[in-house]
file structure.txt (compact mmCIF, C-alpha atoms and all ligand atoms)
# COMPACT_ATOMS: atom_id res chain seq x y z
CA MET A 1 26.71 2.25 20.20
CA SER A 2 24.41 1.57 17.26
CA LEU A 3 23.61 -1.55 15.32
CA SER A 4 21.93 -2.26 11.98
CA VAL A 5 19.79 -5.12 10.68
CA LEU A 6 18.82 -5.91 7.07
CA PHE A 7 16.14 -8.52 6.29
CA VAL A 8 16.35 -10.15 2.85
CA CYS A 9 13.90 -12.23 0.81
CA LEU A 10 13.23 -12.76 -2.90
CA GLY A 11 10.72 -10.06 -3.85
CA ASN A 12 10.95 -7.70 -0.83
CA ILE A 13 7.15 -7.53 -0.89
CA CYS A 14 6.09 -10.30 1.54
CA ARG A 15 8.52 -11.85 4.06
CA SER A 16 11.31 -9.28 4.53
CA PRO A 17 9.01 -6.22 4.76
CA THR A 18 7.02 -8.14 7.38
CA ALA A 19 10.21 -8.79 9.33
CA GLU A 20 11.11 -5.09 8.98
CA GLY A 21 7.67 -3.95 10.20
CA VAL A 22 7.50 -6.40 13.12
CA PHE A 23 11.09 -5.74 14.23
CA ARG A 24 10.50 -1.96 14.05
CA GLU A 25 7.55 -2.40 16.39
CA ARG A 26 9.58 -4.56 18.82
CA VAL A 27 12.52 -2.12 18.77
CA GLN A 28 10.22 0.87 19.35
CA ALA A 29 8.49 -0.90 22.24
CA ALA A 30 11.95 -1.45 23.75
CA GLY A 31 12.80 2.26 23.28
CA LEU A 32 15.77 1.36 21.06
CA GLU A 33 14.74 3.03 17.80
CA ASP A 34 17.66 5.48 18.00
CA VAL A 35 20.14 2.64 18.50
CA ILE A 36 19.00 -0.03 16.03
CA GLN A 37 18.63 0.73 12.30
CA ILE A 38 16.34 -1.57 10.31
CA ASP A 39 15.81 -2.11 6.58
CA SER A 40 14.76 -4.83 4.13
CA ALA A 41 15.65 -5.70 0.53
CA GLY A 42 15.11 -8.38 -2.13
CA THR A 43 17.38 -10.49 -4.31
CA GLY A 44 14.94 -10.25 -7.27
CA ASP A 45 14.04 -7.12 -9.21
CA TRP A 46 10.39 -7.74 -10.24
CA HIS A 47 8.79 -5.42 -7.71
CA LEU A 48 11.29 -2.57 -7.24
CA GLY A 49 9.70 0.57 -5.82
CA LYS A 50 6.43 -1.26 -5.07
CA ALA A 51 4.60 -1.38 -1.76
CA PRO A 52 4.33 -4.77 -0.03
CA ASP A 53 1.82 -7.34 -1.34
CA GLN A 54 -1.72 -6.34 -0.30
CA ARG A 55 -2.44 -9.77 1.18
CA MET A 56 0.64 -9.44 3.40
CA THR A 57 -0.16 -5.82 4.32
CA ARG A 58 -3.73 -6.77 5.32
CA ALA A 59 -2.65 -9.74 7.43
CA ALA A 60 0.04 -7.64 9.16
CA ALA A 61 -2.39 -4.75 9.80
CA LYS A 62 -4.72 -7.14 11.66
CA ARG A 63 -1.87 -7.73 14.12
CA GLY A 64 -1.06 -4.03 14.40
CA TYR A 65 1.88 -3.70 11.97
CA ASP A 66 1.80 -1.01 9.27
CA LEU A 67 3.74 -2.18 6.20
CA SER A 68 2.19 0.40 3.85
CA PRO A 69 5.09 2.95 3.85
CA LEU A 70 7.67 0.31 2.80
CA ARG A 71 8.96 0.10 -0.79
CA ALA A 72 10.84 -2.76 -2.42
CA ARG A 73 14.52 -2.35 -3.19
CA LEU A 74 17.28 -4.63 -4.44
CA VAL A 75 19.97 -5.90 -2.08
CA THR A 76 23.53 -4.89 -3.08
CA PRO A 77 27.03 -6.18 -2.23
CA ALA A 78 27.56 -2.92 -0.31
CA ASP A 79 24.69 -3.84 2.05
CA MET A 80 26.78 -6.69 3.40
CA GLN A 81 29.62 -4.29 4.17
CA GLN A 82 27.24 -1.85 5.89
CA PHE A 83 24.79 -3.87 7.98
CA ASP A 84 25.78 -5.67 11.19
CA TYR A 85 23.15 -8.37 10.60
CA VAL A 86 22.03 -9.51 7.14
CA LEU A 87 19.28 -12.08 7.66
CA ALA A 88 17.93 -14.24 4.82
CA MET A 89 14.44 -15.71 4.86
CA ASP A 90 15.43 -18.94 3.08
CA HIS A 91 18.44 -20.90 1.85
CA ALA A 92 18.09 -19.64 -1.73
CA ASN A 93 18.22 -16.02 -0.51
CA LEU A 94 21.32 -16.85 1.55
CA ARG A 95 23.03 -18.55 -1.41
CA ASP A 96 22.27 -15.50 -3.60
CA LEU A 97 23.76 -13.20 -0.95
CA GLN A 98 26.89 -15.33 -0.61
CA ALA A 99 27.28 -15.36 -4.40
CA MET A 100 27.23 -11.56 -4.63
CA LEU A 101 29.46 -11.05 -1.58
CA GLU A 102 32.59 -9.01 -2.23
CA GLY A 103 35.19 -9.77 0.46
CA THR A 104 33.92 -10.58 3.93
CA PRO A 105 30.63 -9.39 5.41
CA ARG A 106 30.75 -6.70 8.10
CA GLY A 107 28.91 -8.81 10.63
CA HIS A 108 26.49 -11.71 10.83
CA LEU A 109 25.24 -13.16 7.52
CA GLY A 110 22.79 -16.03 8.03
CA LEU A 111 19.23 -17.35 8.24
CA PHE A 112 16.65 -15.26 10.10
CA LEU A 113 14.96 -18.28 11.71
CA ASP A 114 18.20 -19.19 13.49
CA PHE A 115 16.97 -16.53 15.96
CA HIS A 116 13.56 -18.22 16.45
CA PRO A 117 13.54 -19.55 20.05
CA GLN A 118 11.97 -22.88 18.98
CA ARG A 119 13.11 -22.90 15.34
CA PRO A 120 10.21 -25.04 14.02
CA LEU A 121 11.51 -24.52 10.46
CA ALA A 122 14.82 -23.43 8.96
CA GLU A 123 13.18 -21.12 6.40
CA VAL A 124 10.25 -18.71 6.26
CA PRO A 125 8.15 -20.31 3.48
CA ASP A 126 7.41 -18.08 0.49
CA PRO A 127 3.68 -17.20 0.74
CA TYR A 128 3.40 -15.54 -2.69
CA TYR A 129 1.67 -18.34 -4.64
CA GLY A 130 -0.33 -19.76 -1.73
CA GLY A 131 -3.44 -18.87 0.30
CA GLU A 132 -4.23 -16.83 3.40
CA ALA A 133 -2.73 -19.38 5.78
CA GLY A 134 0.72 -18.79 4.31
CA PHE A 135 0.63 -15.12 5.27
CA GLU A 136 -0.41 -15.98 8.83
CA GLN A 137 2.43 -18.51 9.01
CA VAL A 138 4.89 -15.82 7.90
CA LEU A 139 3.65 -13.55 10.70
CA ASP A 140 3.82 -16.32 13.32
CA LEU A 141 7.41 -17.21 12.40
CA VAL A 142 8.53 -13.60 12.03
CA GLU A 143 7.06 -12.49 15.37
CA SER A 144 8.88 -15.22 17.32
CA ALA A 145 12.15 -14.79 15.43
CA CYS A 146 12.01 -11.02 16.05
CA ASP A 147 11.69 -11.67 19.79
CA GLY A 148 14.78 -13.90 19.66
CA LEU A 149 16.67 -11.43 17.49
CA LEU A 150 15.90 -8.53 19.83
CA ALA A 151 17.17 -10.54 22.79
CA ALA A 152 20.42 -11.33 20.94
CA VAL A 153 20.91 -7.74 19.78
CA ARG A 154 20.21 -6.37 23.28
CA GLU A 155 23.01 -8.50 24.68
CA GLN A 156 25.35 -7.03 22.11
CA ILE A 157 24.49 -3.40 22.83
CA SER A 158 24.25 -3.64 26.64
P1 LIG A 201 8.86 -12.46 -0.91
O1 LIG A 201 7.73 -13.16 -1.80
O2 LIG A 201 10.20 -13.00 -1.40
O3 LIG A 201 8.55 -12.91 0.47
O4 LIG A 201 8.71 -10.98 -1.13
C1 LIG A 201 7.74 -13.16 -3.20
C2 LIG A 201 7.25 -12.08 -3.88
C3 LIG A 201 7.22 -12.09 -5.27
C4 LIG A 201 7.69 -13.19 -5.96
C5 LIG A 201 8.19 -14.28 -5.26
C6 LIG A 201 8.23 -14.25 -3.88
N1 LIG A 201 7.64 -13.22 -7.36
O5 LIG A 201 7.99 -14.26 -7.95
O6 LIG A 201 7.26 -12.21 -7.98
call {"tool": "encode", "arguments": {"input": "structure.txt", "output": "structure tokens", "more": "lines below"}}
Ligand code: 4NP
result
Amino acid sequence: MSLSVLFVCLGNICRSPTAEGVFRERVQAAGLEDVIQIDSAGTGDWHLGKAPDQRMTRAAAKRGYDLSPLRARLVTPADMQQFDYVLAMDHANLRDLQAMLEGTPRGHLGLFLDFHPQRPLAEVPDPYYGGEAGFEQVLDLVESACDGLLAAVREQIS
């Protein structure tokens, strides 16, 4: 059995590439890289084809995650027919996804932080216009939510 996860934010240069990079690391550590496919995409088209934001890449690298190979792409209606989990970073992302939905999604369409074991916030705050602390907060939230997501996904594939 295989299973696929798509992380979605606005620009696909800060939050969703971080979720992709962290979840890839967790999935590899669990030896499940052949079973779980992972991608990320954005609802906005400003940064298509670009590498993640350098501030985000630097903060992630300090914790051992390499975001540098990732490139921004736009989410499409077809993504929601193809991925088993489509996980939005905030309510605006989720509303945009629901607005472009054609028919019913293949699997789970919802907020990423619903998988955070403590769920201190409902959304991953957009760090783009803020300072360094915002990028650390993204990493803190994403790391915990990835742990919860991996546990949920493991139950499904076991
Ligand atoms: P992201 O952050 O959605 O986490 O990738 C943003 C990146 C770029 C912009 C907004 C948010 N922007 O307005 O260009």
call {"tool": "residues_around", "arguments": {"input": "structure.txt", "residues": "region 90-100 of chain A", "least_positions_apart": "2", "cutoff": "6 Å", "atoms": "all atoms listed in the file", "output": "JSON, numbers by chain"}}
result
{"A": [9, 77, 88, 123]}
call {"tool": "write_last_selection", "arguments": {"input": "structure.txt", "atoms": "C-alpha atoms", "output": "CSV table (one decimal), keeping the file's coordinate frame"}}
result
chain,number,residue,atom,x,y,z
A,9,CYS,CA,13.9,-12.2,0.8
A,77,PRO,CA,27.0,-6.2,-2.2
A,88,ALA,CA,17.9,-14.2,4.8
A,123,GLU,CA,13.2,-21.1,6.4
call {"tool": "atom_distance", "arguments": {"input": "structure.txt", "atom1": "CA of Asp34 (chain A)", "atom2": "CA of Gly49 (chain A)"}}
result
25.6 Å
call {"tool": "residues_near_ligand", "arguments": {"input": "structure.txt", "ligand": "ligand LIG 201 (chain A)", "cutoff": "6 Å", "atoms": "all atoms listed in the file", "output": "list of chain:residue names"}}
result
A:Cys9, A:Leu10, A:Gly11, A:Asn12, A:Ile13, A:Cys14, A:Arg15, A:Trp46, A:Asp126, A:Tyr128
call {"tool": "closest_residue", "arguments": {"input": "structure.txt", "among": "A:Leu150, A:Leu67, A:Ala145, A:Leu111", "to": "Leu87 (chain A)", "atoms": "only C-alpha atoms"}}
result
A:Leu111
call {"tool": "residues_around", "arguments": {"input": "structure.txt", "residues": "Ala61 (chain A)", "least_positions_apart": "5", "cutoff": "12 Å", "atoms": "only C-alpha atoms", "output": "short mmCIF file (atom, residue, chain, number, x, y, z; two decimals) with C-alpha atoms, keeping the file's coordinate frame"}}
result
data_model
loop_
_atom_site.label_atom_id
_atom_site.label_comp_id
_atom_site.auth_asym_id
_atom_site.auth_seq_id
_atom_site.Cartn_x
_atom_site.Cartn_y
_atom_site.Cartn_z
CA THR A 18 7.02 -8.14 7.38
CA GLY A 21 7.67 -3.95 10.20
CA VAL A 22 7.50 -6.40 13.12
CA PRO A 52 4.33 -4.77 -0.03
CA GLN A 54 -1.72 -6.34 -0.30
CA ARG A 55 -2.44 -9.77 1.18
CA MET A 56 0.64 -9.44 3.40
CA ASP A 66 1.80 -1.01 9.27
CA LEU A 67 3.74 -2.18 6.20
CA SER A 68 2.19 0.40 3.85
CA PHE A 135 0.63 -15.12 5.27
CA GLU A 136 -0.41 -15.98 8.83
CA LEU A 139 3.65 -13.55 10.70
#
call {"tool": "residues_around", "arguments": {"input": "structure.txt", "residues": "Leu6 (chain A)", "least_positions_apart": "3", "cutoff": "9 Å", "atoms": "only C-alpha atoms", "output": "list in words"}}
result
Ser16, Glu20, Gln37, Ile38, Asp39, Ser40, Ala41, Asp79, Met80, Phe83, Asp84, Tyr85, Val86, Leu87 and Ala88 of chain A
call {"tool": "write_last_selection", "arguments": {"input": "structure.txt", "atoms": "C-alpha atoms", "output": "CSV table (one decimal), keeping the file's coordinate frame"}}
result
chain,number,residue,atom,x,y,z
A,16,SER,CA,11.3,-9.3,4.5
A,20,GLU,CA,11.1,-5.1,9.0
A,37,GLN,CA,18.6,0.7,12.3
A,38,ILE,CA,16.3,-1.6,10.3
A,39,ASP,CA,15.8,-2.1,6.6
A,40,SER,CA,14.8,-4.8,4.1
A,41,ALA,CA,15.6,-5.7,0.5
A,79,ASP,CA,24.7,-3.8,2.0
A,80,MET,CA,26.8,-6.7,3.4
A,83,PHE,CA,24.8,-3.9,8.0
A,84,ASP,CA,25.8,-5.7,11.2
A,85,TYR,CA,23.2,-8.4,10.6
A,86,VAL,CA,22.0,-9.5,7.1
A,87,LEU,CA,19.3,-12.1,7.7
A,88,ALA,CA,17.9,-14.2,4.8
call {"tool": "residues_near_point", "arguments": {"input": "structure.txt", "point": "(21.5, -5.2, 26.7)", "cutoff": "12 Å", "atoms": "all atoms listed in the file", "output": "list in words"}}
result
Met1, Ser2, Ala30, Gly31, Leu32, Val35, Leu150, Ala151, Ala152, Val153, Arg154, Glu155, Gln156, Ile157 and Ser158 of chain A
call {"tool": "atom_distance", "arguments": {"input": "structure.txt", "atom1": "CA of Val138 (chain A)", "atom2": "CA of Ala19 (chain A)"}}
result
8.9 Å
call {"tool": "closest_residue", "arguments": {"input": "structure.txt", "among": "A:Gly107, A:Gly148, A:Gly44, A:Gly131", "to": "Ala59 (chain A)", "atoms": "only C-alpha atoms"}}
result
A:Gly131
call {"tool": "atom_distance", "arguments": {"input": "structure.txt", "atom1": "CA of Gln81 (chain A)", "atom2": "CA of Val142 (chain A)"}}
result
24.4 Å
call {"tool": "closest_residue", "arguments": {"input": "structure.txt", "among": "A:Glu25, A:Pro105, A:Pro17, A:Ser144", "to": "Arg73 (chain A)", "atoms": "only C-alpha atoms"}}
result
A:Pro17
call {"tool": "closest_residue", "arguments": {"input": "structure.txt", "among": "A:Arg106, A:Met89, A:Lys50, A:Leu70", "to": "Leu141 (chain A)", "atoms": "all atoms listed in the file"}}
result
A:Met89
call {"tool": "build_atoms", "arguments": {"input": "structure.txt", "residues": "region 66-100 of chain A", "atoms": "N, CA and C atoms", "output": "short mmCIF file (atom, residue, chain, number, x, y, z; two decimals), in the coordinates of the input"}}
result
data_model
loop_
_atom_site.label_atom_id
_atom_site.label_comp_id
_atom_site.auth_asym_id
_atom_site.auth_seq_id
_atom_site.Cartn_x
_atom_site.Cartn_y
_atom_site.Cartn_z
N ASP A 66 2.08 -1.80 10.47
CA ASP A 66 1.80 -1.01 9.27
C ASP A 66 2.94 -1.18 8.26
N LEU A 67 2.70 -1.97 7.22
CA LEU A 67 3.74 -2.18 6.20
C LEU A 67 3.59 -1.21 5.03
N SER A 68 2.52 -0.39 5.04
CA SER A 68 2.19 0.40 3.85
C SER A 68 3.26 1.41 3.42
N PRO A 69 4.09 1.98 4.34
CA PRO A 69 5.09 2.95 3.85
C PRO A 69 6.30 2.29 3.17
N LEU A 70 6.45 0.98 3.29
CA LEU A 70 7.67 0.31 2.80
C LEU A 70 7.65 0.19 1.28
N ARG A 71 8.84 0.23 0.67
CA ARG A 71 8.96 0.10 -0.79
C ARG A 71 10.10 -0.87 -1.10
N ALA A 72 9.86 -1.71 -2.11
CA ALA A 72 10.84 -2.76 -2.42
C ALA A 72 12.11 -2.17 -3.03
N ARG A 73 13.24 -2.71 -2.59
CA ARG A 73 14.52 -2.35 -3.19
C ARG A 73 15.37 -3.61 -3.32
N LEU A 74 16.38 -3.51 -4.17
CA LEU A 74 17.28 -4.63 -4.44
C LEU A 74 18.43 -4.62 -3.42
N VAL A 75 18.80 -5.81 -2.95
CA VAL A 75 19.97 -5.90 -2.08
C VAL A 75 21.23 -5.71 -2.93
N THR A 76 22.28 -5.13 -2.35
CA THR A 76 23.53 -4.89 -3.08
C THR A 76 24.71 -5.48 -2.30
N PRO A 77 25.84 -5.72 -2.96
CA PRO A 77 27.03 -6.18 -2.23
C PRO A 77 27.41 -5.21 -1.10
N ALA A 78 27.20 -3.92 -1.33
CA ALA A 78 27.56 -2.92 -0.31
C ALA A 78 26.74 -3.10 0.97
N ASP A 79 25.50 -3.61 0.84
CA ASP A 79 24.69 -3.84 2.05
C ASP A 79 25.41 -4.75 3.03
N MET A 80 26.12 -5.73 2.49
CA MET A 80 26.78 -6.69 3.40
C MET A 80 28.03 -6.11 4.05
N GLN A 81 28.51 -4.99 3.52
CA GLN A 81 29.62 -4.29 4.17
C GLN A 81 29.10 -3.27 5.18
N GLN A 82 27.79 -2.93 5.06
CA GLN A 82 27.24 -1.85 5.89
C GLN A 82 26.42 -2.33 7.08
N PHE A 83 25.69 -3.42 6.90
CA PHE A 83 24.79 -3.87 7.98
C PHE A 83 25.50 -4.86 8.90
N ASP A 84 25.19 -4.75 10.20
CA ASP A 84 25.78 -5.67 11.19
C ASP A 84 25.15 -7.06 11.12
N TYR A 85 23.85 -7.09 10.79
CA TYR A 85 23.15 -8.37 10.60
C TYR A 85 22.47 -8.33 9.24
N VAL A 86 22.75 -9.33 8.40
CA VAL A 86 22.03 -9.51 7.14
C VAL A 86 21.36 -10.88 7.23
N LEU A 87 20.02 -10.87 7.30
CA LEU A 87 19.28 -12.08 7.66
C LEU A 87 18.37 -12.51 6.51
N ALA A 88 18.66 -13.70 5.96
CA ALA A 88 17.93 -14.24 4.82
C ALA A 88 16.73 -15.05 5.28
N MET A 89 15.65 -14.97 4.50
CA MET A 89 14.44 -15.71 4.86
C MET A 89 14.53 -17.18 4.49
N ASP A 90 15.30 -17.51 3.43
CA ASP A 90 15.43 -18.94 3.08
C ASP A 90 16.84 -19.21 2.54
N HIS A 91 17.11 -20.50 2.29
CA HIS A 91 18.44 -20.90 1.85
C HIS A 91 18.80 -20.31 0.49
N ALA A 92 17.82 -20.21 -0.40
CA ALA A 92 18.09 -19.64 -1.73
C ALA A 92 18.52 -18.18 -1.61
N ASN A 93 17.84 -17.43 -0.74
CA ASN A 93 18.22 -16.02 -0.51
C ASN A 93 19.66 -15.97 0.01
N LEU A 94 19.98 -16.86 0.95
CA LEU A 94 21.32 -16.85 1.55
C LEU A 94 22.38 -17.20 0.51
N ARG A 95 22.08 -18.19 -0.33
CA ARG A 95 23.03 -18.55 -1.41
C ARG A 95 23.24 -17.37 -2.35
N ASP A 96 22.16 -16.67 -2.70
CA ASP A 96 22.27 -15.50 -3.60
C ASP A 96 23.14 -14.41 -2.95
N LEU A 97 22.96 -14.21 -1.66
CA LEU A 97 23.76 -13.20 -0.95
C LEU A 97 25.23 -13.59 -0.93
N GLN A 98 25.49 -14.88 -0.66
CA GLN A 98 26.89 -15.33 -0.61
C GLN A 98 27.54 -15.22 -1.98
N ALA A 99 26.74 -15.43 -3.03
CA ALA A 99 27.28 -15.36 -4.40
C ALA A 99 27.65 -13.93 -4.79
N MET A 100 26.94 -12.95 -4.24
CA MET A 100 27.23 -11.56 -4.63
C MET A 100 28.21 -10.88 -3.66
#
